[in-house]
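Structure file final_28.tsv with TSV, C-alpha atoms:
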chain	number	residue	atom	x	y	z
A	129	GLU	CA	112.83	-58.30	5.95
A	130	SER	CA	115.05	-55.21	5.98
A	131	ARG	CA	113.42	-52.06	7.39
A	132	LEU	CA	114.38	-48.41	7.90
A	133	TRP	CA	113.36	-45.86	10.52
A	134	ASP	CA	113.18	-42.14	9.67
A	135	GLU	CA	113.95	-39.41	12.19
A	136	ARG	CA	110.37	-39.35	13.57
A	137	GLY	CA	110.04	-43.09	13.99
A	138	ALA	CA	108.02	-43.92	10.86
A	139	LEU	CA	108.57	-47.53	9.85
A	140	LEU	CA	109.40	-47.85	6.12
A	141	PRO	CA	109.77	-51.27	4.52
A	142	ILE	CA	112.54	-51.20	1.96
A	143	ALA	CA	110.32	-53.19	-0.37
A	144	MET	CA	107.91	-50.21	-0.49
A	145	LEU	CA	110.80	-48.04	-1.69
A	146	GLY	CA	111.36	-50.33	-4.64
A	147	PHE	CA	114.61	-51.93	-3.37
A	148	GLN	CA	115.61	-55.57	-3.19
A	149	PRO	CA	116.62	-56.98	0.23
A	150	SER	CA	120.10	-57.61	-1.15
A	151	LEU	CA	120.81	-53.85	-1.38
A	152	SER	CA	122.94	-52.38	1.33
A	153	PRO	CA	121.32	-50.13	3.99
A	154	ALA	CA	123.59	-47.23	2.90
A	155	MET	CA	122.16	-47.32	-0.62
A	156	ALA	CA	118.61	-47.43	0.68
A	157	ALA	CA	119.24	-44.62	3.14
A	158	SER	CA	120.35	-42.35	0.30
A	159	PHE	CA	116.68	-42.18	-0.75
A	160	VAL	CA	115.63	-41.01	2.71
A	161	SER	CA	116.19	-37.33	3.57
A	162	SER	CA	115.96	-35.75	6.96
A	163	ARG	CA	112.56	-34.16	6.17
A	164	MET	CA	110.78	-35.99	3.33
A	165	ILE	CA	110.85	-38.97	0.98
A	166	HIS	CA	110.38	-38.35	-2.72
A	167	PRO	CA	107.20	-40.03	-3.95
A	168	LEU	CA	107.47	-43.18	-5.98
A	169	PRO	CA	104.86	-43.97	-8.64
A	170	SER	CA	101.82	-45.78	-7.35
A	171	SER	CA	100.50	-48.81	-9.20
A	172	ARG	CA	96.81	-49.69	-9.30
A	173	GLY	CA	95.84	-47.19	-6.62
A	174	LEU	CA	98.40	-48.43	-4.07
A	175	PRO	CA	99.72	-45.68	-1.73
A	176	THR	CA	103.20	-44.35	-2.31
A	177	SER	CA	105.93	-44.25	0.28
A	178	GLN	CA	105.37	-40.52	0.85
A	179	THR	CA	101.69	-41.13	1.62
A	180	LEU	CA	102.58	-43.76	4.20
A	181	LEU	CA	105.22	-41.54	5.72
A	182	LEU	CA	102.82	-38.59	6.07
A	183	ARG	CA	100.27	-40.84	7.74
A	184	GLY	CA	102.92	-41.95	10.18
A	185	ARG	CA	103.98	-38.37	10.90
A	186	ARG	CA	100.53	-37.16	11.94
A	187	ALA	CA	101.07	-35.49	15.31
A	188	PRO	CA	98.89	-36.59	18.23
A	189	LEU	CA	96.64	-34.12	19.98
A	190	SER	CA	98.40	-32.70	23.02
A	191	SER	CA	96.84	-30.93	25.98
A	192	GLN	CA	99.32	-28.06	25.61
A	193	SER	CA	98.27	-27.35	21.99
A	194	LEU	CA	94.59	-27.44	22.96
A	195	LEU	CA	95.12	-24.98	25.79
A	196	SER	CA	97.11	-22.59	23.59
A	197	ASP	CA	94.56	-22.67	20.72
A	198	PRO	CA	91.31	-24.49	21.59
A	199	PHE	CA	89.70	-23.46	18.26
A	200	ARG	CA	92.50	-24.92	16.11
A	201	PRO	CA	91.15	-27.62	13.77
A	202	SER	CA	92.32	-31.00	14.94
A	203	PRO	CA	94.22	-33.26	12.49
A	204	HIS	CA	92.15	-36.16	13.81
A	205	GLY	CA	88.83	-34.50	12.90
A	206	VAL	CA	88.03	-33.41	16.47
A	207	SER	CA	86.86	-29.80	16.86
A	208	LEU	CA	86.60	-28.32	20.32
A	209	ARG	CA	84.75	-25.04	20.90
A	210	ALA	CA	84.20	-23.10	24.05
A	211	LYS	CA	80.67	-23.46	25.37
A	212	LYS	CA	78.86	-20.14	25.76
A	213	GLU	CA	76.54	-19.71	28.69
A	214	PRO	CA	73.16	-18.04	28.05
A	215	VAL	CA	72.68	-14.54	29.39
A	216	SER	CA	71.13	-14.47	32.85
A	217	PRO	CA	68.10	-12.30	33.74
A	218	GLU	CA	70.30	-10.31	36.11
A	219	GLN	CA	72.81	-9.51	33.36
A	220	MET	CA	70.02	-8.57	30.95
A	221	TRP	CA	68.47	-6.21	33.51
A	222	LYS	CA	71.90	-4.67	34.15
A	223	ASN	CA	72.35	-4.02	30.42
A	224	LEU	CA	68.93	-2.35	30.26
A	225	LEU	CA	69.75	0.05	33.09
A	226	GLU	CA	73.26	0.83	31.90
A	227	GLY	CA	73.97	4.32	30.58
A	228	GLU	CA	72.08	7.60	30.80
A	229	PHE	CA	68.47	7.68	29.62
A	230	GLY	CA	68.10	9.48	26.31
A	231	SER	CA	71.70	8.89	25.22
A	232	ARG	CA	71.49	5.23	24.22
A	233	GLY	CA	69.36	5.50	21.06
A	234	GLU	CA	66.03	4.75	22.71
A	235	ILE	CA	64.07	6.30	19.85
A	236	TRP	CA	65.32	3.62	17.45
A	237	VAL	CA	64.34	0.86	19.83
A	238	GLY	CA	60.88	2.44	20.23
A	239	LEU	CA	60.36	2.69	16.48
A	240	GLN	CA	61.57	-0.86	16.05
A	241	PHE	CA	59.04	-2.32	18.48
A	242	LEU	CA	56.26	-0.03	17.24
A	243	LEU	CA	56.73	-1.26	13.67
A	244	MET	CA	56.98	-4.86	14.85
A	245	PHE	CA	53.67	-4.42	16.68
A	246	LEU	CA	52.00	-2.86	13.63
A	247	VAL	CA	53.25	-5.63	11.37
A	248	ALA	CA	51.85	-8.26	13.72
A	249	PHE	CA	48.57	-6.66	14.81
A	250	GLY	CA	48.00	-3.72	12.46
A	251	PRO	CA	45.39	-5.43	10.23
A	252	PHE	CA	43.10	-6.07	13.21
A	253	PHE	CA	42.42	-2.34	13.74
A	254	GLU	CA	43.24	-1.04	10.26
A	255	GLU	CA	39.96	0.85	9.89
A	256	SER	CA	40.68	2.97	12.96
A	257	TYR	CA	43.79	4.60	11.45
A	258	GLN	CA	42.95	4.39	7.76
A	259	TRP	CA	41.97	8.06	7.72
A	260	LEU	CA	45.43	8.96	9.01
A	261	GLU	CA	47.03	7.08	6.15
A	262	GLN	CA	44.84	8.91	3.64
A	263	VAL	CA	45.63	12.32	5.12
A	264	GLY	CA	49.32	11.51	5.09
A	265	GLY	CA	49.02	10.32	1.50
A	266	ILE	CA	47.47	13.61	0.43
A	267	ALA	CA	50.30	15.54	2.10
A	268	VAL	CA	52.98	13.39	0.46
A	269	ALA	CA	51.32	13.64	-2.95
A	270	GLY	CA	50.95	17.40	-2.59
A	271	SER	CA	54.63	17.85	-1.73
A	272	GLY	CA	55.59	15.68	-4.69
A	273	LEU	CA	53.46	17.70	-7.11
A	274	ALA	CA	54.92	20.95	-5.76
A	275	LEU	CA	58.44	19.61	-6.24
A	276	LEU	CA	57.57	18.45	-9.75
A	277	TYR	CA	56.11	21.83	-10.72
A	278	ALA	CA	59.06	23.78	-9.30
A	279	SER	CA	61.55	21.61	-11.16
A	280	THR	CA	59.87	22.16	-14.53
A	281	GLN	CA	59.85	25.91	-13.93
A	282	ASP	CA	63.50	26.10	-12.87
A	283	LEU	CA	64.77	23.85	-15.64
A	284	GLY	CA	63.42	26.19	-18.32
A	285	LYS	CA	64.63	25.58	-21.87
A	286	SER	CA	66.76	22.60	-20.76
A	287	LEU	CA	63.58	20.57	-20.06
A	288	SER	CA	63.53	17.29	-21.99
A	289	PRO	CA	62.06	13.82	-21.34
A	290	PHE	CA	65.24	12.14	-22.59
A	291	PRO	CA	68.32	11.39	-20.44
A	292	LYS	CA	70.72	12.93	-22.94
A	293	ALA	CA	71.29	16.63	-22.33
A	294	THR	CA	70.18	19.02	-25.05
A	295	GLU	CA	72.61	21.19	-26.98
A	296	ASP	CA	71.36	24.28	-25.13
A	297	ASN	CA	71.50	22.59	-21.71
A	298	VAL	CA	72.48	24.90	-18.87
A	299	LEU	CA	73.67	23.48	-15.56
A	300	GLN	CA	70.98	24.43	-13.03
A	301	THR	CA	72.18	24.48	-9.42
A	302	ASP	CA	69.90	27.01	-7.73
A	303	GLY	CA	66.22	27.04	-6.87
A	304	VAL	CA	64.77	23.59	-6.32
A	305	TYR	CA	67.93	22.12	-7.86
A	306	SER	CA	69.84	23.35	-4.82
A	307	ILE	CA	68.09	20.79	-2.61
A	308	CYS	CA	68.24	17.75	-4.96
A	309	ARG	CA	69.76	16.97	-8.34
A	310	HIS	CA	66.68	15.35	-9.87
A	311	PRO	CA	63.66	17.04	-8.26
A	312	MET	CA	61.41	16.09	-11.17
A	313	TYR	CA	61.97	12.39	-10.58
A	314	GLY	CA	61.78	12.81	-6.82
A	315	GLY	CA	58.53	14.75	-7.05
A	316	LEU	CA	57.02	12.11	-9.33
A	317	ILE	CA	57.93	9.34	-6.89
A	318	LEU	CA	56.47	11.25	-3.93
A	319	ALA	CA	53.26	11.92	-5.85
A	320	CYS	CA	52.89	8.22	-6.68
A	321	ILE	CA	53.56	7.19	-3.09
A	322	GLY	CA	50.96	9.68	-1.86
A	323	LEU	CA	48.39	8.34	-4.34
A	324	ALA	CA	49.03	4.76	-3.24
A	325	MET	CA	48.62	5.78	0.40
A	326	THR	CA	45.44	7.77	-0.22
A	327	THR	CA	43.76	4.96	-2.14
A	328	VAL	CA	45.21	2.26	0.16
A	329	SER	CA	46.39	0.35	-2.91
A	330	PHE	CA	49.07	-2.28	-2.60
A	331	SER	CA	49.40	-2.65	-6.37
A	332	ARG	CA	50.01	1.10	-6.79
A	333	MET	CA	52.70	1.00	-4.13
A	334	LEU	CA	54.33	-1.98	-5.84
A	335	PHE	CA	54.35	-0.20	-9.21
A	336	THR	CA	55.75	2.90	-7.50
A	337	ILE	CA	58.69	0.87	-6.21
A	338	ILE	CA	59.35	-0.40	-9.75
A	339	LEU	CA	59.09	3.17	-11.05
A	340	LEU	CA	61.61	4.28	-8.43
A	341	LEU	CA	64.12	1.69	-9.61
A	342	ILE	CA	63.65	2.73	-13.25
A	343	LEU	CA	63.97	6.45	-12.53
A	344	ASP	CA	67.05	5.85	-10.41
A	345	GLN	CA	68.77	4.10	-13.31
A	346	LYS	CA	67.56	6.76	-15.74
A	347	ALA	CA	69.09	9.42	-13.48
A	348	ASN	CA	72.41	7.55	-13.56
A	349	VAL	CA	72.38	7.55	-17.36
A	350	GLU	CA	71.42	11.22	-17.42
A	351	GLU	CA	74.24	12.15	-15.07
A	352	GLY	CA	76.71	10.42	-17.38
A	353	TYR	CA	75.66	12.77	-20.19
A	354	LEU	CA	75.76	15.78	-17.86
A	355	ILE	CA	79.30	14.94	-16.80
A	356	GLN	CA	80.32	14.73	-20.44
A	357	LYS	CA	78.81	18.16	-21.09
A	358	HIS	CA	79.69	20.05	-17.89
A	359	GLY	CA	82.70	18.09	-16.60
A	360	GLU	CA	84.04	18.88	-13.13
A	361	SER	CA	81.31	21.42	-12.46
A	362	TYR	CA	78.67	18.70	-12.34
A	363	LYS	CA	80.92	16.37	-10.32
A	364	GLU	CA	81.32	19.03	-7.64
A	365	TYR	CA	77.59	19.72	-7.73
A	366	SER	CA	76.76	16.02	-7.31
A	367	LYS	CA	78.98	15.85	-4.21
A	368	ARG	CA	77.06	18.67	-2.49
A	369	VAL	CA	73.45	17.86	-3.42
A	370	PRO	CA	71.49	14.59	-2.95
A	371	LYS	CA	70.14	12.67	-5.89
A	372	LEU	CA	66.34	12.27	-5.85
A	373	VAL	CA	64.85	13.48	-2.57
A	374	PRO	CA	66.00	16.43	-0.38
A	375	ASN	CA	67.67	15.38	2.86
A	376	ASP	CA	68.75	18.74	4.31
A	377	LEU	CA	65.85	20.24	6.26
A	378	ASP	CA	67.57	23.61	6.58
A	379	LYS	CA	67.91	23.92	2.81
A	380	VAL	CA	64.32	22.81	2.31
A	381	LYS	CA	63.11	25.37	4.83
A	382	ALA	CA	65.14	28.13	3.17
A	383	PHE	CA	63.77	27.12	-0.24
A	384	ILE	CA	60.18	27.17	1.00
A	385	GLU	CA	60.66	30.59	2.62
A	386	LYS	CA	62.14	31.91	-0.60
A	387	VAL	CA	59.22	30.60	-2.64
A	388	MET	CA	56.66	31.99	-0.17
A	389	SER	CA	58.31	35.40	-0.11
A	390	SER	CA	58.36	35.62	-3.90

Here is the file; what I need is its structure written in the form of structure tokens.
Amino acid sequence: ESRLWDERGALLPIAMLGFQPSLSPAMAASFVSSRMIHPLPSSRGLPTSQTLLLRGRRAPLSSQSLLSDPFRPSPHGVSLRAKKEPVSPEQMWKNLLEGEFGSRGEIWVGLQFLLMFLVAFGPFFEESYQWLEQVGGIAVAGSGLALLYASTQDLGKSLSPFPKATEDNVLQTDGVYSICRHPMYGGLILACIGLAMTTVSFSRMLFTIILLLILDQKANVEEGYLIQKHGESYKEYSKRVPKLVPNDLDKVKAFIEKVMSS
């Protein structure tokens, strides 16, 4: 049986190429290029000559290739990964002592473990701090009601329950609107949170979260109408002032002092 060898040593029977043994080797070699063999049609699921050639060209795994790239996927289905050693107690202690105390974000770690402790063991002594939750709820509800009242007063004739701005709408950027863009919605959310805390009601807190999501989307729709009416003025205002709840303590303090003085 006549056979051919390609440049990488893959054995190719001439019969698989569709030739008769009587053909000359020169004619058969014209179908073999230096880099590939054009595929011949396969019959009844039999592999073509190109499939056999590619199987023969599969490169073996060498030690040099593994050392240069140990995470490279192997053509033979073998995947080698570097084994990581667990951290030792000495290294962990060194990491804890590294850096200057007070400059590594210790407060976040403390709050993290405090909340983890309360989640795990809080219900066992819930009655001992329930009064603190109620007092905090009253304070949060009171601040929300104050914010709600101030927003209705500052909005004046532009006050409307609908997202679409009225024809007489005036862009309000001072007063309580200087500390947040939607103080009415923010005050309503704070009042609901405070009520849920005071009454220790899980269902009220759940409904408050749903109300927050609805008011947030309503504020987005409302801002679309305000941009249509006031254009770049509202865009600049929205870049300077937060959306629902004040986040600048200095501005809040200045607003409170202004209200108290008046």

For a test of reading the model, state the distance in Å between CA of Arg309 (chain A) and CA of Ala347 (chain A), rounded to one decimal.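 Separation of CA of Arg309 (chain A) and CA of Ala347 (chain A): 9.2 Å.
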
Distance query Ala293 (chain A) at most 8 Å, all atoms listed in the file, self and fewer than 6 positions along chain excluded, as a VMD selection string: chain A and resid 286 350 353 to 354 357

Those residues you just picked out, can you put them in a file as an mmCIF file, keeping the file's coordinate frame with C-alpha atoms?
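Output saved as again_27.cif:
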data_model
loop_
_atom_site.group_PDB
_atom_site.id
_atom_site.type_symbol
_atom_site.label_atom_id
_atom_site.label_comp_id
_atom_site.auth_asym_id
_atom_site.auth_seq_id
_atom_site.Cartn_x
_atom_site.Cartn_y
_atom_site.Cartn_z
ATOM 1 C CA SER A 286 66.760 22.600 -20.760
ATOM 2 C CA GLU A 350 71.420 11.220 -17.420
ATOM 3 C CA TYR A 353 75.660 12.770 -20.190
ATOM 4 C CA LEU A 354 75.760 15.780 -17.860
ATOM 5 C CA LYS A 357 78.810 18.160 -21.090
#

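Distances here use all atoms listed in the file; by that measure, the residue among A:Leu260, A:Val304, A:Met244, A:Leu340 closest to Ile317 (chain A) is A:Leu340.
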
Pick from A:Leu299, A:Ala269, A:Glu261, A:Glu213, whichever lies nearest to Ala319 (chain A) using all atoms listed in the file: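 Going through A:Leu299, A:Ala269, A:Glu261, A:Glu213 one by one, the smallest distance to Ala319 (chain A) is for A:Ala269.
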
Could you state the separation of CA of Val237 (chain A) and CA of Asp376 (chain A) in Å, given to one decimal place? 24.1 Å

One number please: CA of Gly314 (chain A) to CA of Met333 (chain A), in Å, one decimal. 15.1 Å

I'd like the neighbourhood of Thr301 (chain A) as a PyMOL selection string, where a residue qualifies if any of its atoms comes within 12 Å (using only C-alpha atoms), though same-chain residues fewer than 6 positions away should be ignored. chain A and resi 279+282-283+307-311+361-366+368-370

Centre and edge lengths, as JSON, for the axis-aligned box enclosing every listed atom of region 243-256 of chain A with 6 Å of padding on each of the six sides, in Å to one decimal?
{"center_x": 48.5, "center_y": -2.6, "center_z": 13.3, "size_x": 29.0, "size_y": 23.2, "size_z": 18.8}

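Proximity ranking of A:Phe229, A:Ser306, A:Val215, A:Leu224 relative to Lys367 (chain A) places A:Ser306 first, based on only C-alpha atoms.
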
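Distance annotation: of A:Val298, A:Val328, A:Leu343, A:Val373, the residue with the minimal separation from Glu255 (chain A) is A:Val328; atom set is all atoms listed in the file.
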
Using only C-alpha atoms, which protein or nucleic acid residues come within 9 Å of Cys320 (chain A)? Drop anything in the same chain fewer than 2 positions from it, and give the result as JSON, numbers by chain. {"A": [268, 269, 272, 315, 316, 317, 318, 322, 323, 324, 325, 332, 333, 335, 336]}

Counting all atoms listed in the file, the option among A:Ile355, A:Asp378, A:Glu226, A:Leu273 closest to Lys292 (chain A): A:Ile355
